[in-house]
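K.L.:
What follows is a single structure, and I will ask about it in a moment.
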Amino acid sequence: MKTRGWFFLSVLLLAGCATPYSTEKNFWSFGMGFDVIAVSQDTWHISFVGNDFTDRAIAHKYALRKAAELAQNAGYPYFTLSDEQLHVDNKGSHATYSERKDKKWDYGYGNTSTTSETTIMVIAKGYHQAPKTDAMVYQSAFILRSVMVE
């Protein structure tokens, strides 16, 4: 009996956390996490879907760090991000209502909750030298040192 209680407590604690950085999108992650597609040798389409507890700032930080990892691992010390799309979508809502009849009064109370997903999609392009462009140019090594994720 105690084991079952600890199991349910663990599940509740984990359910109250943002989607972790290390999550890869698959069946077991319920569609949450990263999906990376190599578009060419130096270009990647990165998408990340987070749960209710993953806000826009965290999603952007995750995408920035993932782009730096991809660029660095492919031998590109610089990279740019383009076509960034960041959305917070309401996925569904749930409402409950209870009614109570007392001797003199009828009254009720209710609760409504809405679930949402934070989604970011971006194109990352790696460079051997810093390009001359109006776009923000990031240094892979600097981002990996300074942008920490849990």
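Labels used: A, B, ... for chains in the order of the structure tokens, numbers from 1 for residues in each chain, and numbers from 1 for ligands as shown.
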Show me, as a ChimeraX atom specification, the residues that have an atom within 6 Å of stretch 37-51 of chain A when counting only C-alpha atoms, minus same-chain residues fewer than 5 positions from it.
P.N.:
/A:19,32,117-126
K.L.:
Measuring atom to atom with only C-alpha atoms, identify which of A:Lys61, A:Arg145, A:His128, A:Arg56 is nearest to A:Val88.
P.N.:
A:Arg56
K.L.:
Select, from A:Gly75, A:Gly33, A:Thr80, A:Gln129, the residue with the minimum atom-to-atom distance to A:Tyr62, counting only C-alpha atoms.
P.N.:
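Of all the options, A:Gly33 lies closest to A:Tyr62.
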K.L.:
So which one's closest to A:Thr54, A:Asp35, A:Tyr76, A:Leu81, A:Cys17? Using only C-alpha atoms, please.
P.N.:
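Distance minimum relative to A:Thr54 lands on A:Cys17.
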K.L.:
With distances taken over only C-alpha atoms, which residue among A:Asp134, A:Tyr78, A:Val147, A:Ala141 lies nearest A:Leu64?
P.N.:
A:Val147
K.L.:
Quick one: distance from atom CA of A:Pro131 to atom CA of A:Phe79 in Å, one decimal?
P.N.:
8.8 Å
K.L.:
Enumerate as a PyMOL selection string all residues of stretch 41-72 of chain A assigned to alpha helix (DSSP H) by DSSP on the backbone, naming them with the chain letters and numbers the document uses.
P.N.:
chain A and resi 56-72
K.L.:
Selected residues, N, CA and C atoms, written as a PDB file, in the first residue's frame, please.
P.N.:
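This went into out_4.pdb:
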ATOM      1  N   ARG A  56       7.053  30.667 -22.863  1.00  0.00           N
ATOM      2  CA  ARG A  56       7.709  31.086 -24.101  1.00  0.00           C
ATOM      3  C   ARG A  56       9.208  31.284 -23.919  1.00  0.00           C
ATOM      4  N   ALA A  57       9.607  31.856 -22.789  1.00  0.00           N
ATOM      5  CA  ALA A  57      11.034  32.112 -22.552  1.00  0.00           C
ATOM      6  C   ALA A  57      11.818  30.799 -22.475  1.00  0.00           C
ATOM      7  N   ILE A  58      11.250  29.806 -21.806  1.00  0.00           N
ATOM      8  CA  ILE A  58      11.924  28.511 -21.713  1.00  0.00           C
ATOM      9  C   ILE A  58      12.005  27.862 -23.089  1.00  0.00           C
ATOM     10  N   ALA A  59      10.921  27.899 -23.849  1.00  0.00           N
ATOM     11  CA  ALA A  59      10.918  27.295 -25.188  1.00  0.00           C
ATOM     12  C   ALA A  59      11.958  27.959 -26.083  1.00  0.00           C
ATOM     13  N   HIS A  60      12.066  29.288 -26.017  1.00  0.00           N
ATOM     14  CA  HIS A  60      13.059  29.992 -26.833  1.00  0.00           C
ATOM     15  C   HIS A  60      14.480  29.608 -26.399  1.00  0.00           C
ATOM     16  N   LYS A  61      14.709  29.521 -25.100  1.00  0.00           N
ATOM     17  CA  LYS A  61      16.024  29.135 -24.581  1.00  0.00           C
ATOM     18  C   LYS A  61      16.385  27.718 -25.037  1.00  0.00           C
ATOM     19  N   TYR A  62      15.423  26.802 -25.001  1.00  0.00           N
ATOM     20  CA  TYR A  62      15.655  25.431 -25.459  1.00  0.00           C
ATOM     21  C   TYR A  62      16.050  25.402 -26.937  1.00  0.00           C
ATOM     22  N   ALA A  63      15.328  26.160 -27.776  1.00  0.00           N
ATOM     23  CA  ALA A  63      15.615  26.173 -29.214  1.00  0.00           C
ATOM     24  C   ALA A  63      16.984  26.785 -29.487  1.00  0.00           C
ATOM     25  N   LEU A  64      17.332  27.846 -28.775  1.00  0.00           N
ATOM     26  CA  LEU A  64      18.638  28.486 -28.937  1.00  0.00           C
ATOM     27  C   LEU A  64      19.758  27.522 -28.572  1.00  0.00           C
ATOM     28  N   ARG A  65      19.612  26.847 -27.463  1.00  0.00           N
ATOM     29  CA  ARG A  65      20.638  25.884 -27.017  1.00  0.00           C
ATOM     30  C   ARG A  65      20.741  24.717 -27.990  1.00  0.00           C
ATOM     31  N   LYS A  66      19.612  24.195 -28.457  1.00  0.00           N
ATOM     32  CA  LYS A  66      19.625  23.076 -29.407  1.00  0.00           C
ATOM     33  C   LYS A  66      20.325  23.479 -30.698  1.00  0.00           C
ATOM     34  N   ALA A  67      20.077  24.695 -31.189  1.00  0.00           N
ATOM     35  CA  ALA A  67      20.743  25.181 -32.405  1.00  0.00           C
ATOM     36  C   ALA A  67      22.250  25.267 -32.193  1.00  0.00           C
ATOM     37  N   ALA A  68      22.671  25.747 -31.024  1.00  0.00           N
ATOM     38  CA  ALA A  68      24.106  25.837 -30.726  1.00  0.00           C
ATOM     39  C   ALA A  68      24.743  24.453 -30.690  1.00  0.00           C
ATOM     40  N   GLU A  69      24.063  23.485 -30.099  1.00  0.00           N
ATOM     41  CA  GLU A  69      24.585  22.112 -30.059  1.00  0.00           C
ATOM     42  C   GLU A  69      24.733  21.540 -31.463  1.00  0.00           C
ATOM     43  N   LEU A  70      23.700  21.724 -32.288  1.00  0.00           N
ATOM     44  CA  LEU A  70      23.747  21.190 -33.650  1.00  0.00           C
ATOM     45  C   LEU A  70      24.875  21.826 -34.454  1.00  0.00           C
ATOM     46  N   ALA A  71      24.993  23.148 -34.365  1.00  0.00           N
ATOM     47  CA  ALA A  71      26.044  23.853 -35.110  1.00  0.00           C
ATOM     48  C   ALA A  71      27.424  23.411 -34.633  1.00  0.00           C
ATOM     49  N   GLN A  72      27.629  23.385 -33.324  1.00  0.00           N
ATOM     50  CA  GLN A  72      28.936  22.999 -32.766  1.00  0.00           C
ATOM     51  C   GLN A  72      29.294  21.567 -33.161  1.00  0.00           C
TER      52      GLN A  72
END
